[in-house]
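With mmCIF, C-alpha atoms inside, this is query26.cif:
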data_structure
loop_
_atom_site.label_atom_id
_atom_site.label_comp_id
_atom_site.auth_asym_id
_atom_site.auth_seq_id
_atom_site.Cartn_x
_atom_site.Cartn_y
_atom_site.Cartn_z
CA MET A 1 -80.08 14.12 24.74
CA ALA A 2 -80.63 12.00 21.63
CA TRP A 3 -77.01 10.83 21.76
CA LEU A 4 -78.08 8.57 24.63
CA ASN A 5 -80.03 6.47 22.15
CA ARG A 6 -76.76 5.04 20.90
CA TYR A 7 -76.58 2.98 24.10
CA ALA A 8 -80.27 2.05 24.26
CA ASP A 9 -79.81 -1.30 22.54
CA ALA A 10 -76.96 -2.39 24.83
CA ILE A 11 -78.96 -1.46 27.93
CA TYR A 12 -81.95 -3.26 26.47
CA CYS A 13 -79.92 -6.46 26.23
CA ILE A 14 -78.88 -6.21 29.89
CA VAL A 15 -82.49 -5.57 30.91
CA ARG A 16 -83.59 -8.59 28.86
CA LEU A 17 -80.97 -10.77 30.54
CA THR A 18 -81.85 -9.64 34.08
CA ILE A 19 -85.58 -9.95 33.67
CA GLY A 20 -85.35 -13.22 31.75
CA LEU A 21 -83.29 -14.79 34.52
CA MET A 22 -85.65 -13.48 37.21
CA PHE A 23 -88.50 -15.05 35.26
CA ALA A 24 -86.61 -18.34 35.04
CA CYS A 25 -86.19 -18.23 38.85
CA HIS A 26 -89.98 -18.44 39.20
CA GLY A 27 -89.99 -21.56 37.05
CA GLY A 28 -87.02 -23.00 38.93
CA GLN A 29 -88.86 -22.61 42.23
CA LYS A 30 -91.83 -24.54 40.91
CA ILE A 31 -89.92 -27.31 39.13
CA PHE A 32 -86.63 -27.85 40.99
CA GLY A 33 -87.13 -25.99 44.26
CA PHE A 34 -84.26 -23.66 43.39
CA PRO A 35 -83.97 -20.82 44.48
CA PRO A 36 -85.42 -22.17 47.75
CA SER A 37 -88.95 -21.06 48.66
CA GLU A 38 -91.52 -21.91 51.33
CA ARG A 39 -94.17 -22.70 48.76
CA GLY A 40 -92.47 -25.88 47.65
CA LEU A 41 -92.63 -27.67 44.32
CA ALA A 42 -95.57 -27.47 41.97
CA THR A 43 -97.64 -30.63 41.97
CA ASN A 44 -100.79 -29.96 39.93
CA PRO A 45 -100.72 -29.90 36.09
CA THR A 46 -101.32 -26.14 35.89
CA GLY A 47 -98.44 -25.41 38.20
CA LEU A 48 -96.12 -27.71 36.28
CA THR A 49 -97.08 -26.20 32.93
CA VAL A 50 -96.60 -22.69 34.24
CA GLY A 51 -93.31 -23.69 35.83
CA TRP A 52 -91.90 -25.15 32.62
CA ILE A 53 -93.06 -22.13 30.59
CA GLU A 54 -91.40 -19.78 33.05
CA LEU A 55 -88.19 -21.78 33.21
CA SER A 56 -87.74 -22.31 29.47
CA CYS A 57 -89.03 -18.93 28.26
CA GLY A 58 -87.06 -17.17 30.97
CA PHE A 59 -83.77 -18.66 29.78
CA LEU A 60 -84.69 -18.19 26.10
CA ILE A 61 -85.48 -14.51 26.67
CA GLY A 62 -82.47 -14.06 28.94
CA PHE A 63 -79.98 -15.30 26.36
CA GLY A 64 -81.94 -14.08 23.36
CA LEU A 65 -82.75 -17.33 21.56
CA LEU A 66 -86.12 -17.33 19.73
CA THR A 67 -86.67 -14.16 21.69
CA ARG A 68 -89.89 -12.94 20.15
CA LEU A 69 -91.63 -16.30 20.31
CA ALA A 70 -90.57 -16.92 23.91
CA ALA A 71 -91.55 -13.40 24.94
CA PHE A 72 -94.96 -13.78 23.28
CA ILE A 73 -95.67 -16.98 25.22
CA ALA A 74 -94.34 -15.54 28.48
CA SER A 75 -96.32 -12.33 28.09
CA GLY A 76 -99.52 -14.25 27.44
CA GLU A 77 -98.86 -16.58 30.36
CA MET A 78 -98.39 -13.62 32.70
CA ALA A 79 -101.60 -11.99 31.47
CA VAL A 80 -103.52 -15.21 32.17
CA ALA A 81 -101.81 -15.53 35.56
CA TYR A 82 -102.82 -11.98 36.46
CA PHE A 83 -106.47 -12.51 35.61
CA LEU A 84 -106.71 -15.96 37.19
CA THR A 85 -105.01 -15.10 40.47
CA SER A 86 -104.68 -11.38 41.22
CA PHE A 87 -107.69 -9.99 39.40
CA SER A 88 -110.00 -12.65 40.83
CA GLY A 89 -108.76 -12.01 44.37
CA LYS A 90 -107.05 -15.36 44.97
CA VAL A 91 -103.81 -13.72 46.11
CA ILE A 92 -105.39 -11.41 48.69
CA GLY A 93 -107.66 -14.23 49.84
CA HIS A 94 -111.09 -12.58 49.72
CA ALA A 95 -113.58 -11.39 47.14
CA PRO A 96 -112.06 -8.20 45.69
CA THR A 97 -113.84 -4.87 45.57
CA ALA A 98 -114.00 -2.99 42.29
CA LEU A 99 -110.97 -0.92 43.26
CA GLU A 100 -109.02 -4.00 44.27
CA ARG A 101 -109.74 -5.60 40.92
CA PHE A 102 -108.24 -2.80 38.89
CA LEU A 103 -105.28 -1.59 40.95
CA PRO A 104 -102.36 -4.04 40.80
CA ILE A 105 -100.90 -2.51 43.94
CA LEU A 106 -103.99 -3.57 45.91
CA ASN A 107 -104.50 -7.05 44.52
CA LYS A 108 -100.78 -7.92 44.81
CA GLY A 109 -100.58 -8.48 41.08
CA GLU A 110 -97.96 -5.88 40.28
CA LEU A 111 -95.28 -8.40 39.35
CA PRO A 112 -97.33 -10.26 36.71
CA VAL A 113 -98.31 -6.89 35.21
CA LEU A 114 -94.70 -5.76 34.97
CA PHE A 115 -93.58 -9.08 33.47
CA CYS A 116 -96.47 -9.03 31.02
CA PHE A 117 -95.73 -5.56 29.68
CA ILE A 118 -91.96 -5.87 29.50
CA PHE A 119 -92.32 -9.13 27.55
CA PHE A 120 -94.96 -7.51 25.36
CA PHE A 121 -92.41 -4.85 24.54
CA THR A 122 -89.78 -7.54 23.93
CA VAL A 123 -92.03 -9.17 21.31
CA PHE A 124 -91.94 -5.97 19.27
CA TYR A 125 -88.41 -4.80 19.98
CA GLY A 126 -86.80 -8.14 19.20
CA PRO A 127 -83.62 -9.75 20.48
CA GLY A 128 -81.29 -6.76 20.35
CA ARG A 129 -77.66 -6.89 19.37
CA TRP A 130 -76.22 -9.01 22.20
CA SER A 131 -78.27 -12.17 21.75
CA ILE A 132 -77.98 -15.66 20.29
CA ASP A 133 -80.54 -14.68 17.66
CA ALA A 134 -78.32 -11.86 16.47
CA LEU A 135 -75.25 -14.12 16.47
CA MET A 136 -77.01 -16.80 14.42
CA GLY A 137 -78.59 -14.74 11.68
CA LYS A 138 -76.82 -11.43 11.29
CA ARG A 139 -79.06 -10.23 8.51
CA SER A 140 -82.46 -11.55 9.49
CA THR A 141 -82.57 -10.51 13.13
CA SER A 142 -80.45 -7.39 13.31
CA LEU A 143 -82.24 -4.25 14.31
CA SER A 144 -81.83 -2.36 11.05
CA MET B 1 -90.18 -10.93 11.90
CA ASN B 2 -88.77 -7.47 11.41
CA SER B 3 -92.23 -6.23 10.49
CA LEU B 4 -93.02 -6.35 14.20
CA ASN B 5 -90.44 -3.64 14.80
CA ARG B 6 -92.83 -1.13 13.29
CA PHE B 7 -94.91 -1.37 16.48
CA THR B 8 -91.94 -1.13 18.84
CA ASP B 9 -92.54 2.46 19.72
CA PRO B 10 -96.28 2.18 20.55
CA ALA B 11 -95.56 -0.93 22.64
CA TYR B 12 -92.80 1.00 24.37
CA CYS B 13 -95.12 3.90 25.18
CA LEU B 14 -97.74 1.52 26.57
CA MET B 15 -95.10 -0.16 28.74
CA ARG B 16 -93.85 3.24 29.92
CA LEU B 17 -97.38 4.22 30.91
CA ILE B 18 -98.01 1.03 32.89
CA PHE B 19 -94.62 1.09 34.64
CA GLY B 20 -94.95 4.78 35.46
CA LEU B 21 -98.43 4.48 36.95
CA ASN B 22 -97.51 1.42 39.00
CA PHE B 23 -94.44 3.25 40.26
CA ALA B 24 -96.51 6.33 41.14
CA SER B 25 -98.91 4.22 43.17
CA HIS B 26 -95.99 3.31 45.44
CA GLY B 27 -95.48 7.02 45.97
CA GLY B 28 -99.12 7.34 47.02
CA GLN B 29 -98.57 4.44 49.40
CA LEU B 30 -95.56 6.06 51.03
CA LEU B 31 -96.76 9.65 51.16
CA PHE B 32 -100.50 9.50 51.76
CA GLY B 33 -100.99 6.04 53.23
CA MET B 34 -103.11 5.07 50.24
CA PHE B 35 -103.50 1.40 49.27
CA GLY B 36 -102.92 0.22 52.82
CA GLY B 37 -99.79 2.31 53.33
CA MET B 38 -96.36 0.94 54.15
CA PRO B 39 -94.90 0.43 57.63
CA GLY B 40 -92.34 3.03 58.70
CA SER B 41 -93.20 5.39 55.88
CA ASN B 42 -92.94 8.53 58.04
CA SER B 43 -89.14 8.49 58.12
CA PRO B 44 -87.56 11.33 56.10
CA LEU B 45 -85.77 8.93 53.76
CA LEU B 46 -88.94 7.09 52.83
CA GLN B 47 -90.80 10.38 52.42
CA LEU B 48 -88.14 11.50 49.95
CA CYS B 49 -88.44 8.16 48.21
CA GLY B 50 -92.20 8.62 48.15
CA TRP B 51 -91.98 11.99 46.41
CA ILE B 52 -89.57 10.58 43.84
CA CYS B 53 -91.91 7.64 43.24
CA LEU B 54 -95.00 9.82 42.91
CA VAL B 55 -93.60 12.64 40.79
CA GLY B 56 -91.18 10.48 38.82
CA GLY B 57 -93.85 7.87 38.17
CA PHE B 58 -96.31 10.36 36.71
CA LEU B 59 -93.62 12.13 34.67
CA ILE B 60 -92.49 8.81 33.19
CA ALA B 61 -96.04 7.62 32.58
CA PHE B 62 -97.05 10.68 30.59
CA GLY B 63 -93.62 11.28 29.10
CA LEU B 64 -92.76 14.71 30.44
CA LEU B 65 -89.03 15.23 31.11
CA THR B 66 -88.88 11.47 30.62
CA ARG B 67 -85.13 10.97 30.64
CA LEU B 68 -84.52 13.08 33.72
CA ALA B 69 -87.35 11.44 35.69
CA ALA B 70 -86.27 7.96 34.61
CA PHE B 71 -82.66 8.59 35.64
CA VAL B 72 -83.63 9.77 39.13
CA SER B 73 -86.17 6.97 39.60
CA SER B 74 -83.76 4.32 38.40
CA GLY B 75 -81.13 5.49 40.87
CA THR B 76 -83.66 5.57 43.70
CA MET B 77 -84.74 2.02 43.04
CA ALA B 78 -81.14 0.80 42.83
CA VAL B 79 -80.45 2.34 46.25
CA ALA B 80 -83.69 0.87 47.60
CA TYR B 81 -82.71 -2.56 46.37
CA PHE B 82 -79.27 -2.53 47.95
CA MET B 83 -80.38 -0.87 51.20
CA VAL B 84 -83.60 -2.75 51.89
CA HIS B 85 -83.67 -5.98 49.93
CA ALA B 86 -80.16 -7.18 49.11
CA PRO B 87 -79.03 -7.88 52.72
CA HIS B 88 -81.73 -10.53 53.16
CA ASN B 89 -80.94 -12.90 50.34
CA PHE B 90 -78.92 -13.08 47.13
CA PHE B 91 -81.89 -13.92 44.90
CA PRO B 92 -84.30 -11.09 44.09
CA ILE B 93 -87.14 -13.62 44.11
CA ALA B 94 -86.39 -14.49 47.75
CA ASN B 95 -85.59 -11.04 49.15
CA GLN B 96 -88.82 -9.43 47.86
CA GLY B 97 -86.76 -7.05 45.75
CA GLU B 98 -87.92 -8.21 42.35
CA ARG B 99 -89.99 -5.11 41.70
CA ALA B 100 -87.11 -2.85 42.70
CA VAL B 101 -84.88 -4.67 40.20
CA PHE B 102 -87.60 -4.32 37.59
CA TYR B 103 -88.10 -0.60 38.06
CA SER B 104 -84.40 0.10 38.29
CA TRP B 105 -83.47 -1.63 35.04
CA VAL B 106 -86.51 -0.62 33.04
CA PHE B 107 -86.13 3.04 34.01
CA LEU B 108 -82.46 2.86 33.08
CA PHE B 109 -83.56 1.62 29.67
CA ILE B 110 -86.13 4.43 29.47
CA PHE B 111 -83.36 6.91 30.29
CA PHE B 112 -81.46 5.73 27.22
CA TYR B 113 -84.41 5.09 24.90
CA GLY B 114 -86.15 8.41 25.48
CA PRO B 115 -89.81 9.40 25.60
CA GLY B 116 -91.11 7.65 22.48
CA ARG B 117 -93.75 9.02 20.15
CA TRP B 118 -96.79 9.05 22.44
CA SER B 119 -95.51 11.41 25.11
CA ILE B 120 -95.74 15.03 26.19
CA ASP B 121 -92.06 15.44 25.34
CA ALA B 122 -92.76 14.42 21.74
CA MET B 123 -95.76 16.78 21.56
CA ILE B 124 -93.72 19.74 22.81
CA GLY B 125 -90.66 19.32 20.62
CA LYS B 126 -91.68 17.49 17.46
CA GLY B 127 -88.25 17.54 15.92
CA LYS B 128 -86.14 16.81 18.95
CA ALA B 129 -88.10 14.02 20.59
CA ALA B 130 -88.82 11.93 17.51
CA PRO B 131 -88.59 8.16 17.98
CA PRO B 132 -84.97 7.01 17.89
CA ALA B 133 -83.52 5.82 14.63
CA SER B 134 -81.89 2.82 16.29
CA ALA B 135 -85.17 1.03 16.93
CA THR B 136 -86.97 1.39 13.62
#

Just dump the structure as structure tokens.
Amino acid sequence: MAWLNRYADAIYCIVRLTIGLMFACHGGQKIFGFPPSERGLATNPTGLTVGWIELSCGFLIGFGLLTRLAAFIASGEMAVAYFLTSFSGKVIGHAPTALERFLPILNKGELPVLFCFIFFFTVFYGPGRWSIDALMGKRSTSLS
Amino acid sequence: MNSLNRFTDPAYCLMRLIFGLNFASHGGQLLFGMFGGMPGSNSPLLQLCGWICLVGGFLIAFGLLTRLAAFVSSGTMAVAYFMVHAPHNFFPIANQGERAVFYSWVFLFIFFYGPGRWSIDAMIGKGKAAPPASAT
């Protein structure tokens, strides 16, 4: 089955694009109200900061420009978001039990966890072959 | 920054563990009503989905038959996305299907990348399941 590894990098780039754009959608909702959501625009400084990080890092990761840096910031932001909102029980709306603190499926924090770990992996894997980084500096950012 | 690539494989294995366990917890939700359960989970289709989530999730998490489990799980999540979520809205963020997109794509990547070095597959067949040359 090792022959499948030949396509791993190409698939990785598609995954990076999809997940980067989904991340940018979260920022777009907070900053521009697009895609439409009931929660409305972000008004407080934290929400605006988070929104701009999500929007810019999402597009940077999606198209593979400064990939590692953007992924590092996005991963950290998602870790903070998880601990500030899901882990502390803000999302479920009551003081969490011990089980609810540690199971993302119970505290509704699955999405931040998934974003956090995929971006953590992106920091180490790098931009991949279909990315602006790879186009700009063939030697310095290629995977070899 | 290529020095970071040395840690690609450990980071990959950690990600595989987290994604697999989260995916398995959905299986527990569907099959056993754990974690608050899910409405309508007694239909045969959702029971099948639950078994795939539970078994596939644990296999992926611990890296046993990784590629096979990831392929089946990825397909399941793609079907789930288009059957359940896609009719509601074009954007994954609005149709609640973001996690299905996540699991589907990441498991497709796992299918191609393989088990990685910290996995049962790698322990069983040292030579065959070594970390891929493309990512070093």

List, as number ranges by chain, every residue that the PyMOL selection byres ((chain B and resi 63-71) around 8) selects in the file provided. B: 56-57, 59-62, 72-75, 107-108, 110-112, 114-116, 118-121

If the cut-off is 9 Å, can you tell me the residues of chain A near chain B, counting all atoms listed in the file? I'd like them as a VMD selection string. chain A and resid 1 to 9 11 to 12 14 to 15 18 to 19 22 25 to 26 35 to 37 68 103 to 106 110 to 111 113 to 115 117 to 118 120 to 126 140 to 144

Please produce a file of those selected residues containing C-alpha atoms, as a compact mmCIF listing (two decimals), in the frame of the given file.
# COMPACT_ATOMS: atom_id res chain seq x y z
CA MET A 1 -80.08 14.12 24.74
CA ALA A 2 -80.63 12.00 21.63
CA TRP A 3 -77.01 10.83 21.76
CA LEU A 4 -78.08 8.57 24.63
CA ASN A 5 -80.03 6.47 22.15
CA ARG A 6 -76.76 5.04 20.90
CA TYR A 7 -76.58 2.98 24.10
CA ALA A 8 -80.27 2.05 24.26
CA ASP A 9 -79.81 -1.30 22.54
CA ILE A 11 -78.96 -1.46 27.93
CA TYR A 12 -81.95 -3.26 26.47
CA ILE A 14 -78.88 -6.21 29.89
CA VAL A 15 -82.49 -5.57 30.91
CA THR A 18 -81.85 -9.64 34.08
CA ILE A 19 -85.58 -9.95 33.67
CA MET A 22 -85.65 -13.48 37.21
CA CYS A 25 -86.19 -18.23 38.85
CA HIS A 26 -89.98 -18.44 39.20
CA PRO A 35 -83.97 -20.82 44.48
CA PRO A 36 -85.42 -22.17 47.75
CA SER A 37 -88.95 -21.06 48.66
CA ARG A 68 -89.89 -12.94 20.15
CA LEU A 103 -105.28 -1.59 40.95
CA PRO A 104 -102.36 -4.04 40.80
CA ILE A 105 -100.90 -2.51 43.94
CA LEU A 106 -103.99 -3.57 45.91
CA GLU A 110 -97.96 -5.88 40.28
CA LEU A 111 -95.28 -8.40 39.35
CA VAL A 113 -98.31 -6.89 35.21
CA LEU A 114 -94.70 -5.76 34.97
CA PHE A 115 -93.58 -9.08 33.47
CA PHE A 117 -95.73 -5.56 29.68
CA ILE A 118 -91.96 -5.87 29.50
CA PHE A 120 -94.96 -7.51 25.36
CA PHE A 121 -92.41 -4.85 24.54
CA THR A 122 -89.78 -7.54 23.93
CA VAL A 123 -92.03 -9.17 21.31
CA PHE A 124 -91.94 -5.97 19.27
CA TYR A 125 -88.41 -4.80 19.98
CA GLY A 126 -86.80 -8.14 19.20
CA SER A 140 -82.46 -11.55 9.49
CA THR A 141 -82.57 -10.51 13.13
CA SER A 142 -80.45 -7.39 13.31
CA LEU A 143 -82.24 -4.25 14.31
CA SER A 144 -81.83 -2.36 11.05

Would you work out the distance separating CA of Lys108 in chain A from CA of His94 in chain A, expressed in Å to one decimal? 12.3 Å

Considering all atoms listed in the file, return as a list in words whatever protein or nucleic-acid residues lie within 12 Å of Pro44 in chain B, sequence-local ones (same chain, fewer than 5 positions apart) excluded.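 So the residues in contact are Leu30, Leu31, Cys49, Gly50 and Trp51 of chain B.
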
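Going from CA of Ala100 in chain B over to CA of Ala122 in chain B, you cover 27.7 Å.
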
Would you list the contacts of Ala81 in chain A as number ranges by chain, taking every protein, DNA or RNA residue within 12 Å and counting all atoms listed in the file, but skipping same-chain residues closer than 5 positions in sequence? A: 46-47, 49-51, 54, 74-76, 86-91, 109-113, 115-116

Quick one: pull the distance between CA of Ile53 in chain A and CA of Met78 in chain A, Å, one decimal. 10.3 Å

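Minimum atom-to-atom distance to Arg129 in chain A, evaluated using all atoms listed in the file, belongs to A:Leu65 out of A:Leu41, A:Leu65, A:Leu99, A:Leu21.
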
Please determine, counting all atoms listed in the file, which residue among A:Gly64, A:Gly28, A:Gly58, A:Gly33 has the shortest atom-to-atom distance to Glu77 in chain A.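 So, comparing all the options, the nearest one is A:Gly58.
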
If you count only C-alpha atoms, which residues fall within 7 Å of Gly27 in chain A, apart from same-chain ones fewer than 3 positions away, as number ranges by chain? A: 23-24, 30-31, 51-52, 54-55

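This file gives the following result for the PyMOL selection byres ((chain A and resi 133) around 8): Gly64, Leu65, Leu66, Thr67, Pro127, Ser131, Ile132, Ala134, Leu135, Met136, Gly137 and Thr141 of chain A.
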
Go ahead and write the selection's residues with C-alpha atoms as an mmCIF file, keeping the file's coordinate frame.
data_model
loop_
_atom_site.group_PDB
_atom_site.id
_atom_site.type_symbol
_atom_site.label_atom_id
_atom_site.label_comp_id
_atom_site.auth_asym_id
_atom_site.auth_seq_id
_atom_site.Cartn_x
_atom_site.Cartn_y
_atom_site.Cartn_z
ATOM 1 C CA GLY A 64 -81.940 -14.080 23.360
ATOM 2 C CA LEU A 65 -82.750 -17.330 21.560
ATOM 3 C CA LEU A 66 -86.120 -17.330 19.730
ATOM 4 C CA THR A 67 -86.670 -14.160 21.690
ATOM 5 C CA PRO A 127 -83.620 -9.750 20.480
ATOM 6 C CA SER A 131 -78.270 -12.170 21.750
ATOM 7 C CA ILE A 132 -77.980 -15.660 20.290
ATOM 8 C CA ALA A 134 -78.320 -11.860 16.470
ATOM 9 C CA LEU A 135 -75.250 -14.120 16.470
ATOM 10 C CA MET A 136 -77.010 -16.800 14.420
ATOM 11 C CA GLY A 137 -78.590 -14.740 11.680
ATOM 12 C CA THR A 141 -82.570 -10.510 13.130
#
